[in-house]
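Visitor: work_18.txt is reproduced in full below (compact mmCIF, C-alpha atoms).
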# COMPACT_ATOMS: atom_id res chain seq x y z
CA MET Z 1118 14.67 -41.02 10.39
CA THR Z 1119 11.82 -43.25 9.17
CA GLU Z 1120 10.24 -42.13 5.89
CA THR Z 1121 6.59 -41.13 6.09
CA ARG Z 1122 4.18 -43.77 4.83
CA ILE Z 1123 1.90 -42.64 2.00
CA THR Z 1124 -1.54 -44.13 2.61
CA LEU Z 1125 -4.94 -44.12 0.92
CA VAL Z 1126 -8.17 -45.04 2.68
CA THR Z 1127 -11.23 -45.35 0.43
CA GLY Z 1128 -14.71 -44.47 1.66
CA ALA Z 1129 -13.14 -42.54 4.50
CA ASN Z 1130 -15.36 -39.54 5.19
CA LYS Z 1131 -17.25 -41.39 7.95
CA GLY Z 1132 -17.43 -44.55 10.05
CA LEU Z 1133 -14.63 -47.11 9.99
CA GLY Z 1134 -12.87 -45.35 7.13
CA LEU Z 1135 -12.70 -42.03 8.96
CA GLN Z 1136 -11.51 -43.64 12.18
CA THR Z 1137 -8.88 -45.61 10.27
CA ALA Z 1138 -7.66 -42.46 8.54
CA ARG Z 1139 -7.60 -40.56 11.84
CA SER Z 1140 -5.56 -43.27 13.56
CA LEU Z 1141 -3.07 -43.55 10.70
CA VAL Z 1142 -2.59 -39.77 10.60
CA ALA Z 1143 -1.88 -39.96 14.33
CA ALA Z 1144 0.64 -42.74 13.62
CA GLY Z 1145 2.54 -40.43 11.27
CA HIS Z 1146 1.18 -41.50 7.90
CA THR Z 1147 0.43 -39.04 5.12
CA VAL Z 1148 -3.16 -40.08 4.49
CA TYR Z 1149 -5.26 -39.51 1.39
CA LEU Z 1150 -8.87 -39.57 2.54
CA GLY Z 1151 -10.92 -40.97 -0.33
CA ALA Z 1152 -14.53 -39.85 -0.61
CA ARG Z 1153 -17.00 -39.68 -3.49
CA ASP Z 1154 -18.53 -36.43 -2.17
CA ALA Z 1155 -16.01 -33.58 -2.52
CA ARG Z 1156 -17.47 -31.39 0.26
CA ARG Z 1157 -17.77 -34.17 2.82
CA GLY Z 1158 -14.32 -35.45 1.95
CA GLN Z 1159 -12.78 -32.00 2.33
CA GLU Z 1160 -14.48 -31.45 5.70
CA ALA Z 1161 -13.44 -34.86 7.04
CA ALA Z 1162 -9.86 -34.49 5.81
CA SER Z 1163 -9.52 -31.01 7.32
CA ALA Z 1164 -10.82 -32.29 10.66
CA ILE Z 1165 -8.13 -34.97 11.01
CA GLY Z 1166 -5.18 -33.55 9.07
CA ALA Z 1167 -5.49 -35.78 6.00
CA ARG Z 1168 -5.45 -34.94 2.29
CA PRO Z 1169 -8.85 -35.04 0.58
CA LEU Z 1170 -9.07 -37.23 -2.52
CA LEU Z 1171 -12.16 -37.26 -4.71
CA LEU Z 1172 -12.69 -40.96 -5.34
CA ASP Z 1173 -15.79 -42.86 -6.41
CA VAL Z 1174 -14.81 -46.53 -6.57
CA THR Z 1175 -17.75 -47.28 -8.91
CA SER Z 1176 -16.29 -45.00 -11.62
CA ASP Z 1177 -13.28 -45.95 -13.75
CA GLU Z 1178 -12.72 -42.28 -14.59
CA SER Z 1179 -12.82 -41.16 -10.96
CA VAL Z 1180 -10.41 -43.87 -9.85
CA ALA Z 1181 -7.99 -43.11 -12.69
CA ALA Z 1182 -8.05 -39.38 -11.89
CA ALA Z 1183 -7.40 -40.08 -8.20
CA ALA Z 1184 -4.43 -42.33 -9.02
CA ALA Z 1185 -3.00 -39.67 -11.34
CA LEU Z 1186 -3.25 -37.06 -8.59
CA VAL Z 1187 -1.49 -39.26 -6.02
CA GLU Z 1188 1.21 -40.02 -8.58
CA ARG Z 1189 1.78 -36.31 -9.24
CA GLU Z 1190 1.87 -35.38 -5.57
CA SER Z 1191 3.60 -38.37 -3.98
CA GLY Z 1192 4.97 -40.64 -6.69
CA ARG Z 1193 4.12 -43.81 -4.80
CA LEU Z 1194 1.64 -45.47 -2.43
CA ASP Z 1195 2.79 -47.50 0.56
CA VAL Z 1196 -0.56 -48.52 2.05
CA LEU Z 1197 -3.97 -48.97 0.45
CA VAL Z 1198 -7.01 -49.57 2.64
CA ASN Z 1199 -9.97 -50.72 0.53
CA ASN Z 1200 -12.69 -49.68 2.95
CA ALA Z 1201 -15.45 -48.32 0.69
CA GLY Z 1202 -18.47 -50.58 0.96
CA VAL Z 1203 -22.25 -50.72 0.87
CA GLY Z 1204 -24.75 -52.93 2.66
CA GLY Z 1205 -27.18 -53.15 -0.20
CA THR Z 1206 -30.68 -54.51 -0.16
CA TYR Z 1207 -32.46 -56.09 2.80
CA LYS Z 1208 -35.03 -57.79 0.58
CA GLU Z 1209 -36.06 -61.36 1.22
CA ALA Z 1210 -33.90 -63.83 -0.69
CA ASN Z 1211 -36.71 -64.70 -3.10
CA GLU Z 1212 -37.11 -61.02 -4.04
CA ILE Z 1213 -33.46 -60.19 -4.78
CA THR Z 1214 -32.73 -59.38 -8.40
CA ALA Z 1215 -29.53 -59.53 -10.41
CA ALA Z 1216 -29.60 -55.71 -10.47
CA ASP Z 1217 -29.62 -55.68 -6.64
CA MET Z 1218 -26.57 -57.94 -6.60
CA ILE Z 1219 -24.72 -55.90 -9.23
CA GLU Z 1220 -25.28 -52.70 -7.23
CA VAL Z 1221 -23.58 -54.20 -4.16
CA TYR Z 1222 -20.80 -55.90 -6.11
CA ASP Z 1223 -20.05 -52.69 -8.02
CA THR Z 1224 -18.71 -51.15 -4.81
CA ASN Z 1225 -17.68 -54.08 -2.63
CA VAL Z 1226 -15.98 -56.19 -5.31
CA PHE Z 1227 -15.57 -54.38 -8.62
CA GLY Z 1228 -14.62 -51.20 -6.76
CA VAL Z 1229 -11.66 -52.99 -5.23
CA VAL Z 1230 -10.65 -54.30 -8.66
CA ARG Z 1231 -10.79 -50.78 -10.11
CA VAL Z 1232 -8.70 -49.32 -7.30
CA MET Z 1233 -6.17 -52.15 -7.36
CA ARG Z 1234 -5.68 -51.85 -11.11
CA ALA Z 1235 -5.25 -48.07 -11.04
CA PHE Z 1236 -2.99 -47.88 -7.98
CA LEU Z 1237 -0.91 -51.01 -8.58
CA PRO Z 1238 1.99 -49.12 -10.25
CA LEU Z 1239 2.14 -46.77 -7.28
CA LEU Z 1240 2.05 -49.68 -4.81
CA LEU Z 1241 4.86 -51.42 -6.67
CA ALA Z 1242 6.85 -48.19 -6.28
CA GLY Z 1243 6.02 -48.07 -2.56
CA LYS Z 1244 8.10 -48.87 0.50
CA ARG Z 1245 7.12 -52.31 1.86
CA PRO Z 1246 3.67 -51.86 0.30
CA ALA Z 1247 0.54 -53.23 1.91
CA VAL Z 1248 -3.11 -53.58 1.00
CA VAL Z 1249 -5.87 -54.06 3.58
CA ASN Z 1250 -9.27 -55.16 2.30
CA VAL Z 1251 -12.04 -54.46 4.80
CA SER Z 1252 -14.12 -57.62 4.73
CA SER Z 1253 -16.55 -59.14 7.24
CA GLY Z 1254 -17.15 -62.30 9.20
CA MET Z 1255 -20.31 -62.45 7.11
CA GLY Z 1256 -18.08 -63.34 4.18
CA SER Z 1257 -16.70 -66.44 5.90
CA LEU Z 1258 -18.28 -69.75 4.93
CA ALA Z 1259 -17.08 -71.24 8.20
CA VAL Z 1260 -18.38 -68.43 10.42
CA THR Z 1261 -21.79 -68.22 8.74
CA SER Z 1262 -22.17 -72.01 9.05
CA ASP Z 1263 -21.33 -72.07 12.77
CA PRO Z 1264 -24.53 -72.17 14.87
CA ASP Z 1265 -22.64 -70.64 17.78
CA ARG Z 1266 -21.99 -67.45 15.78
CA PHE Z 1267 -24.72 -64.83 15.38
CA GLU Z 1268 -23.72 -64.45 11.73
CA SER Z 1269 -25.18 -67.89 11.01
CA ALA Z 1270 -28.71 -66.63 11.65
CA LEU Z 1271 -28.55 -63.78 9.12
CA VAL Z 1272 -29.62 -64.12 5.48
CA LEU Z 1273 -28.19 -61.30 3.35
CA PRO Z 1274 -27.20 -62.86 0.01
CA ALA Z 1275 -25.89 -59.72 -1.69
CA TYR Z 1276 -23.69 -58.35 1.10
CA THR Z 1277 -22.40 -61.68 2.39
CA SER Z 1278 -21.47 -63.08 -1.01
CA SER Z 1279 -19.76 -59.82 -1.96
CA LYS Z 1280 -17.49 -60.15 1.06
CA THR Z 1281 -16.80 -63.81 0.23
CA ALA Z 1282 -15.77 -62.66 -3.24
CA LEU Z 1283 -13.56 -59.99 -1.68
CA ASN Z 1284 -11.85 -62.65 0.43
CA MET Z 1285 -11.02 -64.66 -2.69
CA LEU Z 1286 -9.76 -61.53 -4.43
CA THR Z 1287 -7.48 -60.99 -1.45
CA SER Z 1288 -6.09 -64.50 -1.77
CA GLN Z 1289 -5.63 -64.20 -5.53
CA TYR Z 1290 -3.99 -60.77 -5.44
CA ALA Z 1291 -1.63 -61.94 -2.68
CA LYS Z 1292 -0.48 -64.80 -4.92
CA ALA Z 1293 -0.19 -62.57 -7.97
CA PHE Z 1294 1.83 -59.86 -6.22
CA PRO Z 1295 4.14 -61.45 -3.62
CA GLY Z 1296 5.97 -58.16 -3.20
CA ILE Z 1297 2.86 -56.56 -1.71
CA ARG Z 1298 1.44 -57.63 1.65
CA ILE Z 1299 -2.28 -58.11 0.96
CA ASN Z 1300 -4.74 -59.16 3.66
CA ALA Z 1301 -8.45 -59.07 4.43
CA VAL Z 1302 -9.68 -58.02 7.87
CA ASP Z 1303 -12.93 -58.36 9.78
CA PRO Z 1304 -13.67 -55.35 12.03
CA GLY Z 1305 -16.55 -57.19 13.67
CA PHE Z 1306 -20.13 -56.03 14.21
CA THR Z 1307 -19.33 -52.33 14.34
CA ALA Z 1308 -21.90 -49.56 14.69
CA THR Z 1309 -21.90 -47.84 11.27
CA ASP Z 1310 -24.38 -46.59 8.69
CA ILE Z 1311 -24.39 -50.00 6.97
CA ASN Z 1312 -26.20 -51.60 9.93
CA GLY Z 1313 -28.11 -48.54 11.09
CA HIS Z 1314 -25.60 -48.15 13.96
CA GLN Z 1315 -26.90 -51.33 15.58
CA GLY Z 1316 -23.42 -52.85 15.83
CA THR Z 1317 -22.07 -53.80 19.23
CA ARG Z 1318 -18.55 -52.48 18.64
CA THR Z 1319 -17.48 -48.84 18.45
CA VAL Z 1320 -15.70 -47.55 15.36
CA GLU Z 1321 -12.54 -47.27 17.45
CA GLU Z 1322 -12.79 -50.97 18.34
CA GLY Z 1323 -13.66 -52.00 14.80
CA ALA Z 1324 -10.91 -49.95 13.18
CA GLU Z 1325 -8.19 -51.38 15.45
CA ILE Z 1326 -7.49 -54.44 13.29
CA ILE Z 1327 -7.58 -52.35 10.11
CA VAL Z 1328 -5.07 -49.88 11.53
CA ARG Z 1329 -2.86 -52.58 13.03
CA THR Z 1330 -2.67 -54.46 9.74
CA ALA Z 1331 -2.15 -51.29 7.71
CA ALA Z 1332 0.57 -49.95 9.99
CA ALA Z 1333 2.57 -53.18 10.36
CA VAL Z 1334 5.93 -52.97 8.62
CA THR Z 1335 7.74 -55.98 10.08
CA ASP Z 1336 4.93 -58.54 9.66
CA ASP Z 1337 5.17 -60.43 6.35
CA THR Z 1338 1.73 -62.08 6.63
CA THR Z 1339 -0.04 -61.99 3.27
CA GLY Z 1340 -3.13 -63.62 1.84
CA GLY Z 1341 -4.65 -63.79 5.32
CA PHE Z 1342 -8.06 -63.12 6.84
CA LEU Z 1343 -7.68 -61.52 10.26
CA ASP Z 1344 -9.69 -60.02 13.10
CA SER Z 1345 -8.76 -58.57 16.48
CA ARG Z 1346 -8.35 -62.08 17.92
CA GLY Z 1347 -6.27 -63.60 15.14
CA VAL Z 1348 -6.99 -65.65 12.04
CA VAL Z 1349 -10.58 -65.86 10.76
CA PRO Z 1350 -11.54 -69.18 9.10
CA TRP Z 1351 -12.41 -68.88 5.42
Could you quickly redo this structure as structure tokens?
Guide:
Amino acid sequence: MTETRITLVTGANKGLGLQTARSLVAAGHTVYLGARDARRGQEAASAIGARPLLLDVTSDESVAAAAALVERESGRLDVLVNNAGVGGTYKEANEITAADMIEVYDTNVFGVVRVMRAFLPLLLAGKRPAVVNVSSGMGSLAVTSDPDRFESALVLPAYTSSKTALNMLTSQYAKAFPGIRINAVDPGFTATDINGHQGTRTVEEGAEIIVRTAAAVTDDTTGGFLDSRGVVPW
């Protein structure tokens, strides 16, 4: 009998995170549903059969407490989905401040660093451990420079650069920890709160690549950037 996979999805009380958690529960994973709001996290977890986990990725103390709880209850972590993210400011480029950038990076980049540092011992104790970083085509230098892609017409310095930084973190962590399969994925232009639900893909469509990468146990791909069609250019 296959052992149940212990999985954490951050920022999972709504949108892509909730759909990812729902699909992984359905696939047989024991899922910790990370949310920074205790009530919303509890309600979302109860609705899909996951375990609520109070987790604010912008707080060292919150992340450490969450890791301690998972260690007490499960003793390991097999899959980590770094989904928590913010869109940040929509100011014109000449109006963006360093504080605006820091606010976005605190979740999209530094949040991943906090979670990785705190949960690394549990991942190293996991069974064929995997990390999935939810990135964006907006973080690809190649995609945003391609005039045939809609992403090339958008100017969002804070969000786009944070996802580029996340892609490099993915590459660096994959090199540093060859025993953990670590990849970034692009769910595409999905209708979520970040874009005011203007996205052209449903959360089910967007979450598919996240779930597929998280659930894979025979694929050894690491340090990659993937979407539903295959490899995304850096």
Visitor: Using all atoms listed in the file, what residues lie at most 7 Å away from (-8.8, -59.4, 3.0) (file coordinates), given as a VMD selection string?
Guide: chain Z and resid 1249 to 1252 1283 to 1284 1287 1299 to 1302 1341 to 1342
Visitor: Kindly give the distance, in Å, that separates CA of Asp1265 in chain Z and CA of Gly1323 in chain Z, rounded to a single decimal.
Guide: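 CA of Gly1323 in chain Z lies 20.9 Å from CA of Asp1265 in chain Z.
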Visitor: Name all residues at most 10 Å from Ala1201 in chain Z (count only C-alpha atoms; drop same-chain ones fewer than 6 positions away) and give them as a PyMOL selection string.
Guide: chain Z and resi 1126-1130+1133-1134+1151-1153+1172-1175+1224-1226+1228-1229+1250-1251
Visitor: What does the distance between CA of Ile1123 in chain Z and CA of Gly1243 in chain Z come to in Å, to one decimal place?
Guide: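 Between CA of Ile1123 in chain Z and CA of Gly1243 in chain Z the gap works out to 8.2 Å.
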Visitor: Find the spatial neighbours of Val1221 in chain Z, counting all atoms listed in the file, within a cut-off of 7 Å - ignore same-chain residues fewer than 2 positions away - and output them as a count of residues only.
Guide: 10
Visitor: With distances taken over only C-alpha atoms, which of Z:Ala1332, Z:Leu1271, Z:Leu1186, Z:Leu1343 is nearest to Gly1305 in chain Z?
Guide: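 Of all the options, Z:Leu1343 lies closest to Gly1305 in chain Z.
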Visitor: As an exercise, work out the distance from CA of Pro1304 in chain Z to CA of Ser1269 in chain Z in Å and give it to one decimal place.
Guide: 17.1 Å
Visitor: Compare Z:Asp1337, Z:Gly1166, Z:Val1320, Z:Ser1278 by their minimum atom-to-atom distance to Lys1131 in chain Z, counting all atoms listed in the file, and give me the closest one.
Guide: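 Ranked by minimum distance to Lys1131 in chain Z, first place goes to Z:Val1320.
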Visitor: When distances are computed from only C-alpha atoms, which of Z:Arg1245, Z:Arg1122, Z:Arg1318, Z:Arg1346 shows the smallest separation from Leu1141 in chain Z?
Guide: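 Closest to Leu1141 in chain Z of all the choices is Z:Arg1122.
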Visitor: Just checking: using only C-alpha atoms, which residue out of Z:Thr1330, Z:Asn1200, Z:Thr1281, Z:Ser1140 ends up closest to Asp1344 in chain Z?
Guide: Z:Thr1330
Visitor: Taking into account only C-alpha atoms, which residue in the set Z:Leu1197, Z:Leu1273, Z:Ala1181, Z:Ala1164 is nearest to Ile1297 in chain Z?
Guide: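 So, comparing all the options, the nearest one is Z:Leu1197.
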Visitor: Smallest atom-to-atom distance to Thr1277 in chain Z: which of Z:Ile1326, Z:Ala1161, Z:Met1255, Z:Val1232, using all atoms listed in the file?
Guide: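 When distances to Thr1277 in chain Z are compared using all atoms listed in the file, the smallest one comes from Z:Met1255.
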Visitor: Would you compute an axis-aligned box for range 1222-1240 of chain Z, covering every atom listed for it in the file with 3 Å of margin on each side, and report centre and edge lengths in Å to one decimal as JSON?
Guide:
{"center_x": -9.3, "center_y": -51.5, "center_z": -6.9, "size_x": 28.9, "size_y": 15.4, "size_z": 14.5}
